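K.L.:
Sharing coords07.txt (compact mmCIF, C-alpha atoms and all ligand atoms) below.
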```txt
# COMPACT_ATOMS: atom_id res chain seq x y z
CA MET A 23 -0.56 37.06 43.52
CA THR A 24 3.21 36.89 43.79
CA ARG A 25 5.75 35.83 41.26
CA ARG A 26 6.78 32.25 41.74
CA SER A 27 10.45 31.62 41.94
CA LEU A 28 11.56 30.12 38.67
CA PRO A 29 11.90 26.35 38.94
CA LEU A 30 14.92 25.30 36.94
CA LEU A 31 16.02 21.91 35.76
CA ARG A 32 19.27 20.81 34.25
CA SER A 33 18.66 20.28 30.55
CA ALA A 34 19.38 16.57 30.96
CA ASP A 35 16.50 16.35 33.45
CA ALA A 36 14.10 18.65 31.65
CA SER A 37 11.54 17.30 29.27
CA LEU A 38 13.88 17.45 26.29
CA PRO A 39 14.62 14.21 24.43
CA PRO A 40 17.97 12.80 25.64
CA LEU A 41 19.92 13.54 22.44
CA HIS A 42 18.70 17.14 22.25
CA ALA A 43 19.48 17.66 25.95
CA ARG A 44 23.01 16.37 25.41
CA TRP A 45 23.59 18.68 22.43
CA LEU A 46 23.03 21.65 24.75
CA ASP A 47 26.23 20.77 26.62
CA ALA A 48 28.04 22.54 23.76
CA VAL A 49 25.73 25.57 23.96
CA LEU A 50 24.96 26.46 27.58
CA ALA A 51 27.57 26.83 30.32
CA ASP A 52 24.68 26.73 32.79
CA PRO A 53 22.36 24.05 31.43
CA SER A 54 19.39 25.22 33.54
CA LEU A 55 16.07 25.37 31.72
CA PRO A 56 12.66 26.30 33.10
CA GLU A 57 10.62 23.47 34.54
CA GLU A 58 7.29 24.10 32.86
CA SER A 59 5.30 22.66 35.71
CA ASN A 60 2.04 24.30 34.57
CA ALA A 61 2.14 22.44 31.26
CA THR A 62 1.25 19.09 32.73
CA CYS A 63 1.38 16.69 29.81
CA ASP A 64 0.52 13.64 31.95
CA ASP A 65 -2.57 15.37 33.33
CA CYS A 66 -3.32 17.80 30.50
CA ALA A 67 -3.88 21.33 31.80
CA MET A 68 -5.94 22.25 28.73
CA LEU A 69 -8.83 19.80 29.17
CA ALA A 70 -12.29 20.96 30.24
CA ASP A 71 -12.51 21.51 33.98
CA PRO A 72 -15.47 22.66 36.12
CA SER A 73 -13.29 25.38 37.66
CA LEU A 74 -12.83 27.11 34.29
CA PRO A 75 -15.04 30.08 33.40
CA PRO A 76 -17.68 29.56 30.70
CA GLY A 77 -16.22 29.82 27.21
CA ALA A 78 -12.64 29.07 28.31
CA LEU A 79 -10.51 27.61 25.53
CA VAL A 80 -10.02 23.87 26.05
CA PHE A 81 -8.45 21.02 24.09
CA SER A 82 -10.11 17.73 23.20
CA PRO A 83 -9.07 14.67 25.26
CA ASP A 84 -8.87 12.84 21.91
CA THR A 85 -6.00 14.99 20.71
CA ARG A 86 -4.65 17.26 23.48
CA CYS A 87 -2.09 19.52 21.76
CA CYS A 88 -1.05 16.81 19.30
CA THR A 89 -2.98 18.04 16.24
CA TYR A 90 0.32 18.12 14.41
CA LEU A 91 2.27 16.00 11.96
CA PRO A 92 5.93 16.00 13.03
CA THR A 93 8.90 15.81 10.70
CA LEU A 94 11.13 13.06 12.02
CA ALA A 95 14.76 13.32 10.88
CA ASN A 96 16.31 10.00 9.83
CA PHE A 97 18.06 9.39 13.18
CA LEU A 98 14.81 10.10 15.07
CA VAL A 99 13.04 7.57 12.84
CA GLY A 100 15.74 5.00 13.68
CA GLY A 101 15.63 5.72 17.40
CA ALA A 102 11.85 5.44 17.46
CA LEU A 103 11.94 2.16 15.54
CA ARG A 104 14.40 0.81 18.10
CA SER A 105 13.03 2.00 21.39
CA ALA A 106 9.67 3.74 21.16
CA SER A 107 6.58 2.23 22.74
CA PRO A 108 4.95 -0.57 20.69
CA HIS A 109 2.38 1.96 19.46
CA GLY A 110 5.13 4.46 18.67
CA ALA A 111 7.26 2.02 16.67
CA ALA A 112 4.17 0.74 14.83
CA SER A 113 3.11 4.29 13.99
CA VAL A 114 6.55 5.04 12.52
CA ARG A 115 6.45 1.81 10.47
CA ARG A 116 3.01 2.81 9.19
CA ARG A 117 4.38 6.16 7.99
CA LEU A 118 7.32 4.37 6.35
CA SER A 119 5.02 1.99 4.51
CA GLU A 120 2.67 4.78 3.42
CA GLY A 121 5.68 6.69 2.10
CA ASP A 122 4.39 10.27 2.44
CA GLY A 123 7.38 12.57 2.76
CA LEU A 124 9.72 9.58 3.13
CA SER A 125 13.29 9.90 1.92
CA PRO A 126 16.78 9.19 3.32
CA ILE A 127 16.51 12.48 5.19
CA GLY A 128 13.62 11.10 7.25
CA LEU A 129 9.84 11.48 7.36
CA VAL A 130 9.13 15.03 6.29
CA ALA A 131 5.72 16.56 6.92
CA ASP A 132 4.26 18.74 4.19
CA PRO A 133 5.22 22.28 5.38
CA ALA A 134 2.06 23.82 3.85
CA LEU A 135 -0.15 21.39 5.80
CA VAL A 136 1.75 22.01 9.03
CA ALA A 137 1.57 25.80 8.63
CA SER A 138 -2.16 25.80 7.88
CA THR A 139 -3.14 23.58 10.82
CA HIS A 140 -0.75 25.11 13.34
CA THR A 141 -2.18 28.60 12.99
CA ASP A 142 -5.85 27.57 12.98
CA GLN A 143 -7.01 28.19 16.57
CA GLU A 144 -10.32 26.47 15.95
CA ARG A 145 -8.69 23.20 14.93
CA PHE A 146 -5.51 23.22 17.03
CA GLY A 147 -5.93 20.93 20.03
CA ARG A 148 -9.42 19.88 18.97
CA ASP A 149 -9.72 18.45 15.47
CA ALA A 150 -9.28 14.67 15.68
CA SER A 151 -8.68 14.47 11.92
CA LEU A 152 -5.37 16.27 12.56
CA ARG A 153 -4.25 13.97 15.36
CA CYS A 154 -0.59 13.00 15.19
CA PRO A 155 -0.12 9.36 14.13
CA HIS A 156 2.27 8.87 17.08
CA TYR A 157 -0.28 9.97 19.69
CA GLU A 158 -1.55 7.08 21.79
CA PRO A 159 -5.35 7.53 22.06
CA VAL A 160 -5.49 5.33 25.17
CA GLY A 161 -3.66 7.23 27.88
CA GLY A 162 -3.03 10.28 25.69
CA ARG A 163 0.75 9.88 25.55
CA CYS A 164 3.34 10.43 22.87
CA GLY A 165 4.47 7.10 21.37
CA VAL A 166 7.86 8.51 20.31
CA TRP A 167 8.54 10.70 23.39
CA ALA A 168 12.30 10.15 23.63
CA TRP A 169 12.68 10.62 19.87
CA ARG A 170 10.24 13.45 19.23
CA GLU A 171 11.39 16.39 17.19
CA ALA A 172 12.31 19.95 18.12
CA THR A 173 8.82 21.45 17.79
CA CYS A 174 7.28 18.82 20.06
CA ALA A 175 10.22 19.06 22.47
CA THR A 176 10.06 22.83 22.99
CA TRP A 177 6.34 23.64 22.74
CA PHE A 178 4.37 24.17 25.95
CA CYS A 179 0.80 25.39 26.36
CA LYS A 180 1.76 27.30 29.53
CA HIS A 181 4.98 28.82 30.81
CA THR A 182 5.86 29.47 34.45
CA ARG A 183 7.49 32.74 33.42
CA GLY A 184 5.16 33.62 30.56
CA GLU A 185 6.57 35.28 27.48
CA ARG A 186 10.16 35.37 28.71
CA ALA A 187 10.26 31.59 29.13
CA LYS A 188 8.50 31.13 25.79
CA ALA A 189 11.19 33.28 24.16
CA LEU A 190 13.87 30.89 25.39
CA TRP A 191 11.97 27.81 24.20
CA ASN A 192 11.41 29.47 20.80
CA ARG A 193 15.13 30.11 20.47
CA LEU A 194 15.87 26.53 21.46
CA HIS A 195 13.39 25.38 18.85
CA GLN A 196 15.24 27.28 16.13
CA LEU A 197 18.61 25.93 17.21
CA LEU A 198 17.51 22.31 17.70
CA SER A 199 15.68 22.29 14.34
CA ARG A 200 18.85 23.50 12.66
CA LEU A 201 20.93 20.84 14.41
CA GLU A 202 18.42 18.11 13.54
CA ARG A 203 18.70 18.98 9.85
CA ALA A 204 22.50 19.11 10.01
CA VAL A 205 22.74 15.71 11.71
CA ALA A 206 20.24 14.23 9.24
CA TRP A 207 22.32 15.36 6.26
CA HIS A 208 25.47 14.11 8.00
CA CYS A 209 23.88 10.68 8.39
CA ALA A 210 22.76 10.59 4.73
CA LEU A 211 26.27 11.49 3.55
CA SER A 212 28.03 9.12 5.93
CA LEU A 213 25.82 6.24 4.84
CA ASP A 214 26.57 6.73 1.13
CA ILE A 215 23.26 8.08 -0.11
CA PRO A 216 24.12 8.78 -3.79
CA PRO A 217 24.66 12.40 -4.93
CA GLU A 218 21.80 12.12 -7.46
CA ALA A 219 19.45 11.33 -4.58
CA LEU A 220 20.85 14.19 -2.48
CA ALA A 221 20.25 16.58 -5.38
CA ARG A 222 16.60 15.55 -5.55
CA MET A 223 16.13 15.91 -1.80
CA ALA A 224 17.83 19.29 -1.48
CA PRO A 225 16.73 21.80 -4.11
CA LEU A 226 18.18 25.25 -3.68
CA ASP A 227 14.87 27.06 -3.58
CA LEU A 228 13.64 25.85 -0.17
CA PRO A 229 14.26 28.07 2.85
CA HIS A 230 16.76 27.11 5.53
CA GLY A 231 17.84 23.97 3.69
CA ALA A 232 14.54 22.26 4.55
CA PRO A 233 14.32 18.88 2.85
CA ARG A 234 11.55 18.33 0.31
CA ALA A 235 8.44 16.44 1.30
CA ASP A 236 7.50 15.23 -2.16
CA VAL A 237 10.37 12.93 -3.17
CA SER A 238 9.11 9.53 -4.29
CA ALA A 239 10.27 7.04 -1.67
CA SER A 240 9.55 4.05 -3.90
CA ASP A 241 12.47 4.94 -6.15
CA ASP A 242 15.28 2.46 -5.39
CA ALA A 243 17.90 4.90 -6.69
CA LEU A 244 17.10 7.13 -3.73
CA TRP A 245 18.48 4.67 -1.21
CA GLY A 246 21.78 3.61 -2.78
CA ARG A 247 23.20 0.57 -1.00
CA TRP A 248 20.28 0.67 1.45
CA SER A 249 17.70 -0.12 -1.21
CA GLY A 250 15.67 -3.00 0.24
CA ASP A 251 16.73 -2.24 3.81
CA VAL A 252 15.19 1.11 4.62
CA GLU A 253 14.69 0.25 8.31
CA GLY A 254 18.35 -0.80 8.55
CA TYR A 255 19.32 2.58 7.11
CA PHE A 256 17.32 4.48 9.73
CA LEU A 257 18.70 2.35 12.57
CA ALA A 258 22.22 3.10 11.33
CA CYS A 259 21.36 6.82 11.32
CA ALA A 260 20.34 6.63 14.99
CA GLN A 261 23.64 4.94 15.85
CA LEU A 262 25.62 7.58 13.98
CA ALA A 263 23.77 10.44 15.67
CA GLU A 264 24.28 8.95 19.12
CA ALA A 265 28.03 8.65 18.49
CA LEU A 266 28.41 12.38 17.78
CA SER A 267 29.70 14.57 20.60
CA PRO A 268 27.78 17.81 21.35
CA ALA A 269 30.70 19.83 19.92
CA GLU A 270 30.63 17.79 16.70
CA VAL A 271 26.88 18.36 16.36
CA LEU A 272 27.29 22.12 16.83
CA SER A 273 30.08 22.14 14.29
CA LEU A 274 27.90 20.29 11.76
CA GLY A 275 25.34 23.10 12.15
CA GLY A 276 27.95 25.63 10.99
CA ALA A 277 27.92 29.39 11.52
CA GLU A 278 24.10 29.47 11.51
CA ALA A 279 23.95 27.08 14.47
CA ARG A 280 26.61 29.06 16.35
CA ALA A 281 24.61 32.25 15.79
CA LEU A 282 21.42 30.55 17.00
CA ALA A 283 23.31 29.21 20.02
CA ALA A 284 24.25 32.80 20.90
CA THR A 285 20.56 33.78 20.79
CA VAL A 286 19.72 30.87 23.10
CA ARG A 287 22.31 32.07 25.63
CA LEU A 288 20.94 35.61 25.41
CA ALA A 289 17.35 34.42 25.98
CA GLN A 290 18.52 32.37 28.97
CA ARG A 291 20.30 35.41 30.48
CA GLN A 292 17.18 37.54 29.95
CA LEU A 293 15.03 34.90 31.60
CA LEU A 294 17.27 34.66 34.64
CA ASP A 295 17.49 38.46 35.03
CA ASP A 296 14.80 39.39 37.54
CA ALA A 297 15.27 43.18 37.37
CA LEU A 298 12.03 45.07 36.78
CA PRO A 299 11.79 47.89 34.22
CA ALA A 300 12.17 51.40 35.69
CA ARG A 301 8.83 52.42 34.17
CA VAL A 302 5.91 50.14 33.42
CA ALA A 303 2.81 50.58 31.28
CA LEU A 304 -0.06 48.36 30.17
CA GLY A 305 0.85 45.65 27.69
CA ARG A 306 -1.51 43.27 25.92
CA VAL A 307 -4.52 43.19 28.23
CA GLN A 308 -7.64 41.34 27.23
CA VAL A 309 -10.26 40.36 29.81
CA VAL A 310 -11.43 36.82 29.02
CA GLY A 311 -13.23 35.82 32.24
CA LEU A 312 -14.51 37.06 35.59
CA SER A 313 -15.13 35.56 38.99
CA ALA A 314 -16.17 37.12 42.30
CA THR A 315 -12.54 37.48 43.35
CA SER A 316 -10.45 37.63 40.20
CA VAL A 317 -10.29 38.73 36.59
CA ARG A 318 -8.95 36.35 33.97
CA VAL A 319 -6.61 38.33 31.74
CA GLN A 320 -4.96 37.22 28.52
CA GLY A 321 -1.54 38.68 27.87
CA TYR A 322 1.17 37.00 25.81
CA SER A 323 -0.84 33.89 24.88
CA HIS A 324 -4.48 32.89 24.45
CA LEU A 325 -3.57 29.49 25.94
CA ASP A 326 -2.08 30.90 29.13
CA PRO A 327 -4.29 33.57 30.71
CA LEU A 328 -3.64 34.78 34.25
CA ASP A 329 -6.17 35.09 37.08
CA VAL A 330 -5.48 38.53 38.55
CA PRO A 331 -7.04 39.31 41.97
CA ARG A 332 -9.65 42.05 41.60
CA GLU A 333 -7.83 44.37 44.07
CA LEU A 334 -4.77 44.24 41.82
CA PHE A 335 -6.68 44.44 38.54
CA ASP A 336 -8.37 47.64 39.76
CA GLN A 337 -4.93 49.24 40.17
CA LEU A 338 -3.51 48.34 36.75
CA HIS A 339 -4.41 51.74 35.26
CA ARG A 340 -1.88 53.33 37.63
CA PHE A 341 0.93 51.68 35.67
CA ASP A 342 0.93 54.26 32.91
CA GLY A 343 4.60 54.74 32.20
CA ARG A 344 5.44 56.72 35.34
CA PRO A 345 8.36 55.51 37.51
CA LEU A 346 7.57 52.06 38.88
CA GLU A 347 8.15 53.03 42.53
CA GLU A 348 5.66 55.85 42.26
CA ALA A 349 3.05 53.64 40.58
CA LEU A 350 3.53 50.93 43.22
CA ARG A 351 3.18 53.48 46.04
CA GLU A 352 -0.06 54.86 44.62
CA ALA A 353 -1.47 51.42 43.84
CA SER A 354 -0.72 50.18 47.38
CA ALA A 355 -2.28 53.28 48.98
CA SER A 356 -5.41 52.96 46.87
CA ALA A 357 -5.74 49.19 47.41
CA GLY A 358 -5.22 49.55 51.17
CA GLN A 359 -2.57 46.84 51.06
CA GLU A 360 0.88 46.49 49.63
CA VAL A 361 1.03 45.64 45.94
CA PRO A 362 4.19 43.49 45.88
CA SER A 363 6.77 44.10 43.18
CA GLY A 364 6.80 40.33 42.59
CA ALA A 365 3.21 40.53 41.35
CA VAL A 366 4.23 43.29 38.95
CA GLY A 367 7.09 41.06 37.79
CA MET A 368 4.66 38.28 36.98
CA LEU A 369 2.40 40.69 35.06
CA VAL A 370 5.46 41.83 33.10
CA ASP A 371 6.42 38.21 32.35
CA PHE A 372 2.92 37.64 30.95
CA ASP A 373 3.02 40.94 28.97
CA ILE A 374 0.02 42.30 30.85
CA LEU A 375 2.38 45.07 31.92
CA ARG A 376 5.53 45.94 30.00
CA GLY A 377 8.52 48.27 30.24
CA ALA A 378 7.69 51.80 29.03
S1 LIG B 1 5.29 13.30 18.11
FE1 LIG B 1 4.45 13.03 20.17
S2 LIG B 1 4.45 15.09 21.11
FE2 LIG B 1 4.68 15.34 18.87
S3 LIG B 1 2.60 15.68 18.11
FE3 LIG B 1 3.04 13.48 17.95
S4 LIG B 1 2.26 12.55 19.84
FE4 LIG B 1 2.40 14.78 20.17
```
Kindly present the structure from the file in structure tokens form.
P.N.:
Amino acid sequence: MTRRSLPLLRSADASLPPLHARWLDAVLADPSLPEESNATCDDCAMLADPSLPPGALVFSPDTRCCTYLPTLANFLVGGALRSASPHGAASVRRRLSEGDGLSPIGLVADPALVASTHTDQERFGRDASLRCPHYEPVGGRCGVWAWREATCATWFCKHTRGERAKALWNRLHQLLSRLERAVAWHCALSLDIPPEALARMAPLDLPHGAPRADVSASDDALWGRWSGDVEGYFLACAQLAEALSPAEVLSLGGAEARALAATVRLAQRQLLDDALPARVALGRVQVVGLSATSVRVQGYSHLDPLDVPRELFDQLHRFDGRPLEEALREASASAGQEVPSGAVGMLVDFDILRGA
């Protein structure tokens, strides 16, 4: 088992939605992001497979990872109405007509519902009653792919570089969520949503300026001059968002966005730094499967275990905080073959080993 070289993609070519990818031009001098080639959305890596050990965690083909109700900021609603797949546009219209969480800020999912379902491992990826309305049951694709929100854009079931890649995506999630909110408020202000409506959408007691999910969308006063043309309002939001330069978007996000951008750059530097720790000890190690030749070990994530060859697994106890070179020498002598430092690097990435 050797560490794979890190496949990188320019952000514009990665799986990010086009607007989000463009915003990163104001954040990253080197726009390279990991290509998460193990998280194969088109051929879901989490479905049942005869090669998996008994009891392995799998997702349902009826939901895949999309047991989630996304919050779509106003400009994402407009973009999806304009250019999503027929299913995607219809699913957005259905949410608009149902009115849950609908306001000039967009379609806001109930945060309590999202939190409860996202952390429930039994239901996540399996419970069809939680399936996202934008998920296309035939073909298992996202109906609003190019206009999906930051959580959907940065979440992967598997990461080529384990926890270190996940750390970068998590930082991007924080930043892009902040920018989405800033652009959504900018659109509402620019399109003359009345101050009384803004006051009802933005109470001071919600964290991080999150918009409320319980504003009554049927109230005409909420829409100002757009009352009677809610779709037109959302389409105008998409146009406004597309006209913003990356620097303007970052500026709309204020000091908080600039601080989050700094954390994104730090996480990217840490990901690209291949140096191994001087001393290494066991990290989170949980055996979740066995075969004749390998041991399936869970480290940083229950969704992304690693199959460690038995010869290497049997040497893991030698990494006990002593200098790495010494541990590698002993492990290689005992295994009767060289234990490559690249394999140790991969175990560190997956938090099966960690710096001591
Ligand atoms: S918006 Fe798309 S990616 Fe996100 S949960 Fe729904 S179907 Fe899945």
K.L.:
Taking only residues of chain A that have an atom at most 9 Å from an atom of ligand LIG 1 (chain B), what is each one's shortest atom pair and its distance in Å to one decimal, using all atoms listed in the file, in chain and number order, as CSV?
P.N.:
```
residue,atom,partner,partner_atom,distance
A:Thr85,CA,B:LIG1,FE4,8.4
A:Arg86,CA,B:LIG1,FE4,8.2
A:Cys87,CA,B:LIG1,FE4,6.7
A:Cys88,CA,B:LIG1,S3,4.0
A:Thr89,CA,B:LIG1,S3,6.3
A:Tyr90,CA,B:LIG1,S3,5.0
A:Leu91,CA,B:LIG1,S3,6.2
A:Pro92,CA,B:LIG1,S1,5.8
A:Thr93,CA,B:LIG1,S1,8.6
A:Leu94,CA,B:LIG1,S1,8.4
A:Gly110,CA,B:LIG1,S4,8.7
A:Arg153,CA,B:LIG1,S3,7.6
A:Cys154,CA,B:LIG1,FE3,4.6
A:Pro155,CA,B:LIG1,FE3,6.4
A:His156,CA,B:LIG1,S4,4.6
A:Tyr157,CA,B:LIG1,S4,3.6
A:Glu158,CA,B:LIG1,S4,6.9
A:Gly162,CA,B:LIG1,S4,8.2
A:Arg163,CA,B:LIG1,S4,6.5
A:Cys164,CA,B:LIG1,S4,3.9
A:Gly165,CA,B:LIG1,FE1,6.1
A:Val166,CA,B:LIG1,FE1,5.7
A:Trp167,CA,B:LIG1,FE1,5.7
A:Trp169,CA,B:LIG1,S1,8.1
A:Arg170,CA,B:LIG1,S1,5.1
A:Glu171,CA,B:LIG1,S1,6.9
A:Ala172,CA,B:LIG1,FE2,8.9
A:Thr173,CA,B:LIG1,FE2,7.5
A:Cys174,CA,B:LIG1,FE2,4.5
A:Ala175,CA,B:LIG1,S2,7.1
A:Trp177,CA,B:LIG1,S2,8.9
```
K.L.:
Closest to Ala243 (chain A) among A:Glu333, A:Val366, A:Asp295, A:Pro126, using only C-alpha atoms?
P.N.:
A:Pro126
K.L.:
Report the distance between CA of Arg344 (chain A) and CA of Arg301 (chain A) in Å, rounded to one decimal place.
P.N.:
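Going from CA of Arg344 (chain A) over to CA of Arg301 (chain A) covers 5.6 Å.
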K.L.:
Using only C-alpha atoms, determine which residues lie at most 10 Å from Leu266 (chain A), disregarding the query and same-chain residues fewer than 5 positions distant; provide the list as number ranges by chain.
P.N.:
A: 41, 45, 205, 261, 271-272, 274
K.L.:
To one decimal in Å, tell me the separation between CA of Pro268 (chain A) and CA of His208 (chain A).
P.N.:
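One can read the CA of Pro268 (chain A) to CA of His208 (chain A) distance as 14.0 Å.
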K.L.:
Work out how far CA of Glu58 (chain A) is from CA of Thr182 (chain A), in Å to one decimal.
P.N.:
5.8 Å
K.L.:
So, counting all atoms listed in the file, which residue among A:Leu350, A:Ala112, A:Ala95, A:Cys259 is closest to Gly364 (chain A)?
P.N.:
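The shortest atom-to-atom distance to Gly364 (chain A) comes from A:Leu350.
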K.L.:
Axis-aligned box over every listed atom of region 78-86 of chain A, padded by 6 Å per side: centre and edges in Å to one decimal, as AutoDock Vina command-line options?
P.N.:
```
--center_x -8.6 --center_y 21.0 --center_z 24.5 --size_x 20.0 --size_y 28.2 --size_z 19.6
```
K.L.:
I need the residue nearest Leu152 (chain A) from this list: A:Leu135, A:Leu293, A:Leu98, A:Ala168. Use all atoms listed in the file for the distance.
P.N.:
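Among the listed residues, A:Leu135 lies closest to Leu152 (chain A).
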